[in-house]
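> So that we are looking at the same thing, I have put the structure below in structure tokens.
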Amino acid sequence: MSNYLALLSFAVLGFALEMHLVFVNVIIGATVLTVITRYLAYLRQDPSLESVAKSMFRLMVVTELFGGVWGTILTVFMAGLFPSMTAIFTRVYFYPVAIALVGILVSIPFIAIYWHLWGRVSPRTHSLIGLPLAISVLLVPIGFRYLFAGLDYPQYVTTNFNPLTVFSNPVYPPLIVHTLIGAMDIGAFVIASVLTTRRNLSIKGISIALGTGLILLVPQAIAGAYYFTVLGRYDPYIASNIAGPLLGYDPSSVMFYPAFYAAVALTIALGITALYAFYAVMQGRVVRPVVISTGFLAEAILILMEYVNDGSRYPYLFISGGSGIPITQLLNTLIPLPLIAMYTMLLSTLAFTAIFTITLYYAVVRRFLPEE
Amino acid sequence: MTNSALGVLNEIYVHSANVNNAMVMTIIGIYLHAVFVSFTLGFPLAILAWLITWYRTGDALFINYSKTLTMVWAVNFALGAVTGTIVEFGLLDIWPTSILLFSSSAFIPLLYEATIAFIGEAVLVVLFMVAIGRWRARYTLSVLITAWFLGSLSGYFIITANAWMNVPWGMGEIPHSLYPFLPTYGPDAANLTATLNLAALLLHYTVDGAGSLALTSVNFTSLVGTYFNNPWLPMINPDAIVTTLHTLLAAYAIGVGAVALAISIRYFRTHDDKYIKLLKPLLWILTIVLLVEPIVLGHFMGDDVVTYQPLKFTAFTALTGGSGIYGYEYYDPLEALFAYGNPYHPLYGFQYYMSQCRSLGNLTFGELYSKLDPGMLGYLGPLINVMLSQNCEAAVLSMEPLAPLVSAFYYTMIGAGILLAIASVLVLFTYLVRVPVLSTITDFINNEILSVLIGADNVMPFLASVMAVLSAIAATAGWAAREIGRQPWTVYGLITTNEVITGDAITPGFVAFVVAILLAIAIVGVLAMYYVATRPSLLDRIRGLVEVGGHE
């Protein structure tokens, strides 16, 4: 029963994380691309480019609310199911969490200011306001990804623990590079997909989004390889579960490497699809199903890769080298965890996710935010 | 009390610098969230009142204003969600022992809040924006009412978590054993050994620097064990039920009151009769809520405090009880009448509680743990020779200096509540229903006294404005009295505030930074709501875009 509860809790946490990431990657990507596109529009005095930037920003605003909802759910799951892990996060990673929180706090007024002042101040000033907006949004993953790095290379509490030492985590640099490039890549492909659903197609917007997505696939692949190399050095257990026998490893579980290779295959498919879509757009044609599929493929790759990245530590949470601290040890035993409550929560989130999707369709695809 | 015992107990009961600094930003953050949430809960009721009036009269004024308010509601919901995230992280990061609540008594409420109420409300708020004025009345109203219900349900779940901190239902006799003046808190669902384990760990780390560090041990849950056997019990905590009703009605009053205030201000400026038309349906809600909330539910809230939080009740009466509250017992006929139904019933002063503490005798923590939980003796440290009676007295003494402040908030709430009830009666019997004698009296006050002072046309919007402002004052003061009155504990009779704070230094600079950001969010939030509220055609412009911009 204890093992089942641990697995269920681990899965529930993973589910909330995946849902959260589906949205936040779009938020991060769309924000950065908005700010860059808006700046280019100012430099080139190009109103159509500015219109593309506005479309990107609208997508970001709609996604922000849903991303926040899932962030709340994820946090409650984390604290409720794994209290000590959460306490370690808030103690050991106090500064990284503070960085992420500052990012959230600062980004909110800047989103409102950026939206409100668009067209009301000079394009140069508006472009400049985009800088702190983009930085604040990037601070969120920059801070929170330390927690993930901390799961892979734990720096535990000691009496004289210095919380600044967490910044020297060797797993963090490749992880954050991989994350940020990935977020922008996913954001670019989702923007391309959404722009393609419009009646008045913006060829320029779609080509920018697709082109950005395509270009970023290359550094993203390099960052992925770099991250895997570092994992291989510090977390052979995870590396083994990810790579599986195909790369000569002896994984402890068959649950993850098939997903990893599936994600790699989807990445290749995304590259080919995006290349074809981009070529067609350059010819002045938008092949709607193909462009739309890039957004879905990008999100599917994210879900699979994150599943592999986080799930492959099972049955451990904090992992170091070949072993770690088991989930069962960190699982909440302060109360008898009621299974019926867990199932109700899962059912409820699934039901609302379905309604979510329909609402998102109306909010994003049917352009539920004003253009002016 | 020996110096060493005093020093140890100060670590537990006297707020540390970290606690004092952290409280500033936490209070501002929670109040900011509460304001937005109150609007989120109240606005749908105002929209509902206008929509029903529109369906009944066909007057386009009501649908137009419903649409405008819907946009304000949506912006407000987003602000509530954002500030809620800040509060949540504030709890986890700045008050990490609260993780203990997330994983025990508040497990079910908080998880259901997130996965049923909050997510559902988020979806339905957006869905309502799609539906209003376009779908059939029954569908539109169903979406609105469901969104409002889920928002209220969210309030119930959150307040349930908070209520357990005020009345730890299910802990049975345990708090009473440590503080004999406390009552029994519901059925005995706590495991004594596990609770003692938990207490020893928290005390150990608090004396050592920060109680919250106890949770950072990877062996924490196994060291404690299952300390609370029935996670469903907090859902039926009597304080949760009363506080939920009281707080939700207060939130409705603040939300609807804010709309009424805005409409009244517009009327004062323009004297356009359409604002009076808009005001009337809102007054129905405000009046009913404000008659039930302070009079009926306020009384039950008071009963809860008398029954479950005796120290808080004594603190409440500091301003009327005078120095008597520091003695053994004193007399306050009005408070005694409401508290005990007998004006001659004595009220208990802090000395009474001290004498109750002394009934614990000379038993030390060391002796207690030797008998009941010897495995945790090693964690007691300097506390091992401290007597339980000294611990109990330190708790009472720590409350004494706060009593006048708590009382000031309490009587501010009471005063505002009385004025609210009067204003509600004046509105009800003059403008909403006609009742012989009562209407004559209220007509006289409104038409012969207030009219002369402020002008006949202004009386109704004036009363609406008074109800709005006083609702906010009463709620602010009432919540402050409830939360400050909970000191020195975060969980009444179980966990002190010092046991909850982070071990990381909360510097004044950090507090100033967070407060500045919170104020920026408040200002931007208000401006955003004003911006949307002053653009009546915003939702229709969106509709236009949707019609033009759909699929081919």
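Each chain in the structure tokens gets a letter, A, B and so on, in the order shown; residues start at 1 in every chain, and ligands are counted from 1 in the order they appear.
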If we count only C-alpha atoms, what is near Lys274 in chain B at a cut-off of 12 Å, once residues fewer than 3 positions away on the same chain are taken out, given as a short mmCIF file (atom, residue, chain, number, x, y, z; two decimals) with C-alpha atoms, in the first residue's frame?


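The result, stored in out_15.cif:
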```
data_model
loop_
_atom_site.label_atom_id
_atom_site.label_comp_id
_atom_site.auth_asym_id
_atom_site.auth_seq_id
_atom_site.Cartn_x
_atom_site.Cartn_y
_atom_site.Cartn_z
CA ASP B 59 -33.81 47.52 -19.97
CA ALA B 60 -30.50 47.51 -21.88
CA LEU B 61 -28.88 49.58 -19.15
CA PHE B 62 -28.57 46.49 -16.98
CA TYR B 65 -23.39 47.43 -17.05
CA ILE B 263 -22.23 53.77 -8.82
CA SER B 264 -23.02 56.18 -5.97
CA ARG B 266 -21.06 58.48 -10.36
CA TYR B 267 -24.48 59.61 -9.16
CA THR B 270 -23.78 63.48 -12.50
CA HIS B 271 -27.15 63.16 -10.73
CA LYS B 277 -31.83 52.37 -11.12
CA LEU B 278 -28.57 50.46 -11.08
CA LEU B 279 -28.19 50.88 -7.36
CA LYS B 280 -31.52 49.44 -6.29
#
```

> Identify, on the basis of only C-alpha atoms, every residue whose closest approach to range 283-290 of chain A does not exceed 12 Å; exclude the query and any residue fewer than 2 positions from it along the same chain; express the result as an MDAnalysis selection string.

(chainID A and resid 189 192:207 210 269:281 292:297) or (chainID B and resid 551:552)

> For range 61-75 of chain A, work out the shell of residues within 9 Å, counting only C-alpha atoms and skipping chain neighbours fewer than 3 positions away, then give it as a short mmCIF file (atom, residue, chain, number, x, y, z; two decimals) with N, CA, C and O atoms, in the first residue's frame.


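Printed below is part.cif as written:
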```
data_model
loop_
_atom_site.label_atom_id
_atom_site.label_comp_id
_atom_site.auth_asym_id
_atom_site.auth_seq_id
_atom_site.Cartn_x
_atom_site.Cartn_y
_atom_site.Cartn_z
N LEU A 13 1.91 14.32 -8.69
CA LEU A 13 2.80 15.48 -8.73
C LEU A 13 3.32 15.71 -10.15
O LEU A 13 3.36 16.85 -10.64
N GLY A 14 3.70 14.62 -10.79
CA GLY A 14 4.20 14.71 -12.16
C GLY A 14 3.15 15.24 -13.12
O GLY A 14 3.45 16.07 -13.99
N PHE A 15 1.92 14.78 -12.93
CA PHE A 15 0.82 15.23 -13.80
C PHE A 15 0.64 16.75 -13.68
O PHE A 15 0.54 17.46 -14.70
N ALA A 16 0.62 17.24 -12.44
CA ALA A 16 0.44 18.69 -12.24
C ALA A 16 1.61 19.46 -12.83
O ALA A 16 1.43 20.52 -13.43
N LEU A 17 2.81 18.90 -12.68
CA LEU A 17 4.00 19.57 -13.24
C LEU A 17 3.90 19.66 -14.76
O LEU A 17 4.16 20.71 -15.35
N MET A 19 1.23 19.61 -16.64
CA MET A 19 0.19 20.56 -17.04
C MET A 19 0.70 22.00 -16.90
O MET A 19 0.47 22.85 -17.76
N HIS A 20 1.40 22.23 -15.81
CA HIS A 20 1.95 23.57 -15.56
C HIS A 20 2.94 23.94 -16.66
O HIS A 20 2.90 25.04 -17.21
N LEU A 21 3.81 22.99 -16.99
CA LEU A 21 4.87 23.29 -17.97
C LEU A 21 4.32 23.50 -19.37
O LEU A 21 4.89 24.27 -20.15
N VAL A 22 3.24 22.81 -19.69
CA VAL A 22 2.61 23.00 -21.01
C VAL A 22 2.30 24.49 -21.21
O VAL A 22 2.51 25.04 -22.28
N PHE A 23 1.83 25.14 -20.15
CA PHE A 23 1.47 26.55 -20.26
C PHE A 23 2.68 27.48 -20.06
O PHE A 23 2.84 28.45 -20.80
N VAL A 24 3.50 27.19 -19.06
CA VAL A 24 4.56 28.17 -18.74
C VAL A 24 5.61 28.24 -19.84
O VAL A 24 6.21 29.30 -20.05
N VAL A 26 4.98 28.19 -22.95
CA VAL A 26 4.40 29.13 -23.92
C VAL A 26 4.54 30.56 -23.38
O VAL A 26 4.89 31.49 -24.12
N ILE A 27 4.31 30.72 -22.08
CA ILE A 27 4.43 32.06 -21.47
C ILE A 27 5.85 32.60 -21.67
O ILE A 27 6.04 33.73 -22.13
N MET A 56 1.51 37.69 -30.47
CA MET A 56 2.31 36.85 -29.55
C MET A 56 1.99 37.21 -28.11
O MET A 56 1.83 36.34 -27.26
N PHE A 57 1.88 38.51 -27.85
CA PHE A 57 1.64 38.96 -26.48
C PHE A 57 0.25 38.54 -25.99
O PHE A 57 0.07 38.17 -24.83
N ARG A 58 -0.75 38.59 -26.88
CA ARG A 58 -2.10 38.16 -26.50
C ARG A 58 -2.10 36.71 -26.07
O ARG A 58 -2.71 36.33 -25.08
N MET A 78 2.68 19.46 -3.98
CA MET A 78 4.05 19.27 -3.49
C MET A 78 4.10 19.35 -1.97
O MET A 78 4.65 18.47 -1.30
N ALA A 79 3.50 20.42 -1.42
CA ALA A 79 3.54 20.60 0.04
C ALA A 79 2.69 19.56 0.74
O ALA A 79 3.03 19.10 1.83
N GLY A 80 1.59 19.16 0.13
CA GLY A 80 0.69 18.21 0.77
C GLY A 80 1.23 16.79 0.75
O GLY A 80 1.08 16.04 1.72
N THR A 86 9.43 19.74 0.24
CA THR A 86 9.06 21.14 0.08
C THR A 86 9.80 22.01 1.10
O THR A 86 10.26 23.11 0.77
N ILE A 111 3.58 43.26 -17.14
CA ILE A 111 2.67 42.77 -18.19
C ILE A 111 1.57 43.82 -18.41
O ILE A 111 1.26 44.20 -19.54
N PHE A 356 -11.16 23.25 -19.70
CA PHE A 356 -10.03 24.16 -19.91
C PHE A 356 -9.68 24.24 -21.39
O PHE A 356 -9.49 25.32 -21.95
N LEU A 360 -9.85 27.34 -23.66
CA LEU A 360 -8.61 27.82 -24.26
C LEU A 360 -8.80 28.01 -25.77
O LEU A 360 -8.31 28.98 -26.36
N ALA A 363 -10.57 31.13 -26.08
CA ALA A 363 -9.76 32.27 -25.63
C ALA A 363 -8.64 32.58 -26.61
O ALA A 363 -8.36 33.75 -26.88
N VAL A 364 -8.01 31.56 -27.15
CA VAL A 364 -6.84 31.79 -27.99
C VAL A 364 -7.21 31.77 -29.47
O VAL A 364 -7.00 32.73 -30.20
N PHE A 368 -9.96 35.90 -28.12
CA PHE A 368 -10.85 36.44 -27.10
C PHE A 368 -10.28 37.68 -26.41
O PHE A 368 -10.82 38.15 -25.45
N LEU A 369 -9.18 38.16 -26.90
CA LEU A 369 -8.65 39.39 -26.30
C LEU A 369 -8.65 40.49 -27.34
O LEU A 369 -8.42 40.24 -28.52
N ALA B 78 -8.03 37.58 -12.06
CA ALA B 78 -6.61 37.37 -12.36
C ALA B 78 -5.74 37.94 -11.23
O ALA B 78 -4.78 37.31 -10.80
N ALA B 81 -5.88 35.67 -8.30
CA ALA B 81 -5.07 34.47 -8.52
C ALA B 81 -3.59 34.78 -8.32
O ALA B 81 -2.85 34.02 -7.67
N VAL B 82 -3.18 35.92 -8.83
CA VAL B 82 -1.77 36.31 -8.71
C VAL B 82 -1.39 36.55 -7.25
O VAL B 82 -0.39 36.01 -6.75
N GLY B 84 -2.91 35.43 -4.71
CA GLY B 84 -3.04 34.15 -4.02
C GLY B 84 -1.76 33.34 -4.14
O GLY B 84 -1.31 32.71 -3.17
N THR B 85 -1.17 33.37 -5.33
CA THR B 85 0.10 32.67 -5.53
C THR B 85 1.17 33.27 -4.62
O THR B 85 1.97 32.55 -4.01
N GLU B 88 0.53 32.15 -1.10
CA GLU B 88 0.87 30.73 -0.96
C GLU B 88 2.38 30.54 -0.81
O GLU B 88 2.86 29.85 0.08
N PHE B 89 3.14 31.18 -1.71
CA PHE B 89 4.59 31.05 -1.62
C PHE B 89 5.12 31.75 -0.38
O PHE B 89 6.11 31.31 0.20
N LEU B 111 -6.16 20.85 -1.08
CA LEU B 111 -6.11 20.12 -2.35
C LEU B 111 -7.43 20.23 -3.10
O LEU B 111 -7.45 20.39 -4.32
N GLU B 113 -9.47 22.69 -2.75
CA GLU B 113 -9.57 24.10 -3.18
C GLU B 113 -8.91 24.27 -4.54
O GLU B 113 -9.46 24.89 -5.46
N ALA B 114 -7.70 23.72 -4.66
CA ALA B 114 -6.94 23.90 -5.90
C ALA B 114 -7.55 23.12 -7.06
O ALA B 114 -7.67 23.63 -8.17
N THR B 115 -7.95 21.87 -6.78
CA THR B 115 -8.31 20.98 -7.89
C THR B 115 -9.80 20.96 -8.23
O THR B 115 -10.18 20.41 -9.26
N PHE B 118 -10.87 26.24 -7.34
CA PHE B 118 -10.11 27.29 -8.02
C PHE B 118 -10.03 27.07 -9.52
O PHE B 118 -10.32 27.97 -10.32
N ILE B 119 -9.68 25.86 -9.90
CA ILE B 119 -9.56 25.58 -11.34
C ILE B 119 -10.92 25.72 -12.02
O ILE B 119 -11.04 26.28 -13.12
N ALA B 122 -11.82 29.38 -12.39
CA ALA B 122 -11.02 30.01 -13.46
C ALA B 122 -11.64 29.73 -14.83
O ALA B 122 -11.79 30.62 -15.66
N VAL B 123 -12.02 28.48 -15.03
CA VAL B 123 -12.59 28.10 -16.32
C VAL B 123 -13.92 28.82 -16.54
O VAL B 123 -14.19 29.37 -17.61
#
```

> Could you give me, as an MDAnalysis selection string, the residues within 10 Å of range 521-537 of chain B, counting only C-alpha atoms and dropping anything in the same chain fewer than 2 positions from it?

(chainID A and resid 105:110 112:113 116) or (chainID B and resid 29 32:33 35:36 64:76 78:80 82:83 262 515:519 539:543)

> So, counting only C-alpha atoms, which residue among A:Val264, A:Ile358, A:Leu175, A:Leu131 is closest to Ala149 in chain A?

A:Leu175

> Can you pull out the residues contacting Tyr316 in chain A? Cut-off 7 Å, using only C-alpha atoms, and skip same-chain residues under 6 positions away; I want them as an MDAnalysis selection string.

chainID A and resid 324:327

> Which residues of chain B have any atom within 7 Å of an atom in chain A when counting only C-alpha atoms, and what is the closest pair of atoms for each, with the distance in Å to one decimal? Order the rows by chain and rising number and write it as a tab-separated table.


```
residue	atom	partner	partner_atom	distance
B:Ala78	CA	A:Leu65	CA	6.6
B:Thr85	CA	A:Thr72	CA	6.4
B:Leu92	CA	A:Thr90	CA	6.7
B:Asp93	CA	A:Thr90	CA	5.0
B:Pro96	CA	A:Ala87	CA	6.2
B:Ile99	CA	A:Ala79	CA	5.7
B:Leu100	CA	A:Pro83	CA	6.7
B:Phe102	CA	A:Gly80	CA	4.9
B:Ser103	CA	A:Gly80	CA	4.0
B:Ser104	CA	A:Ile335	CA	5.6
B:Phe107	CA	A:Gly80	CA	5.7
B:Leu110	CA	A:Val76	CA	6.8
B:Leu111	CA	A:Val76	CA	6.3
B:Tyr112	CA	A:Met345	CA	6.7
B:Ala114	CA	A:Ile73	CA	5.3
B:Thr115	CA	A:Thr349	CA	5.6
B:Ile116	CA	A:Ser348	CA	5.9
B:Ile119	CA	A:Val69	CA	6.3
B:Gly120	CA	A:Phe352	CA	6.2
B:Val123	CA	A:Phe356	CA	5.9
B:Leu127	CA	A:Thr359	CA	6.4
B:Leu215	CA	A:Ser84	CA	5.3
B:Thr216	CA	A:Ile88	CA	4.8
B:Ser217	CA	A:Ser84	CA	6.6
B:Val218	CA	A:Ser84	CA	6.0
B:Asn219	CA	A:Gln329	CA	7.0
B:Phe220	CA	A:Ser84	CA	6.7
B:Thr221	CA	A:Thr333	CA	5.8
B:Gly225	CA	A:Leu334	CA	5.7
B:Thr226	CA	A:Leu334	CA	4.2
B:Tyr227	CA	A:Leu334	CA	5.5
B:Phe228	CA	A:Ile335	CA	5.3
B:Asn229	CA	A:Ile335	CA	5.7
B:Pro231	CA	A:Ile335	CA	6.4
B:Ile517	CA	A:Leu105	CA	6.5
B:Ala520	CA	A:Pro109	CA	6.9
B:Ile521	CA	A:Pro109	CA	5.8
B:Val524	CA	A:Pro109	CA	6.1
B:Ile542	CA	A:Pro370	CA	5.3
B:Val546	CA	A:Arg366	CA	5.9
B:Gly549	CA	A:Arg199	CA	6.0
B:Gly550	CA	A:Arg366	CA	5.5
B:His551	CA	A:Arg199	CA	5.4
B:Glu552	CA	A:Arg199	CA	5.7
```

> Quick one: everything within 6 Å of range 162-165 of chain B, counting only C-alpha atoms, minus sequence neighbours fewer than 6 positions away in the same chain. Send it as a ChimeraX atom specification.

/B:239-240,491-492

> How about saving the chosen residues, C-alpha atoms kept, as a PDB file, in the first residue's frame?


```
ATOM      1  CA  ASP B 239     -15.400  27.286  13.656  1.00  0.00           C
ATOM      2  CA  ALA B 240     -14.820  26.573   9.974  1.00  0.00           C
ATOM      3  CA  VAL B 491      -2.174  26.831  15.701  1.00  0.00           C
ATOM      4  CA  TYR B 492      -4.108  27.587  18.864  1.00  0.00           C
TER       5      TYR B 492
END
```
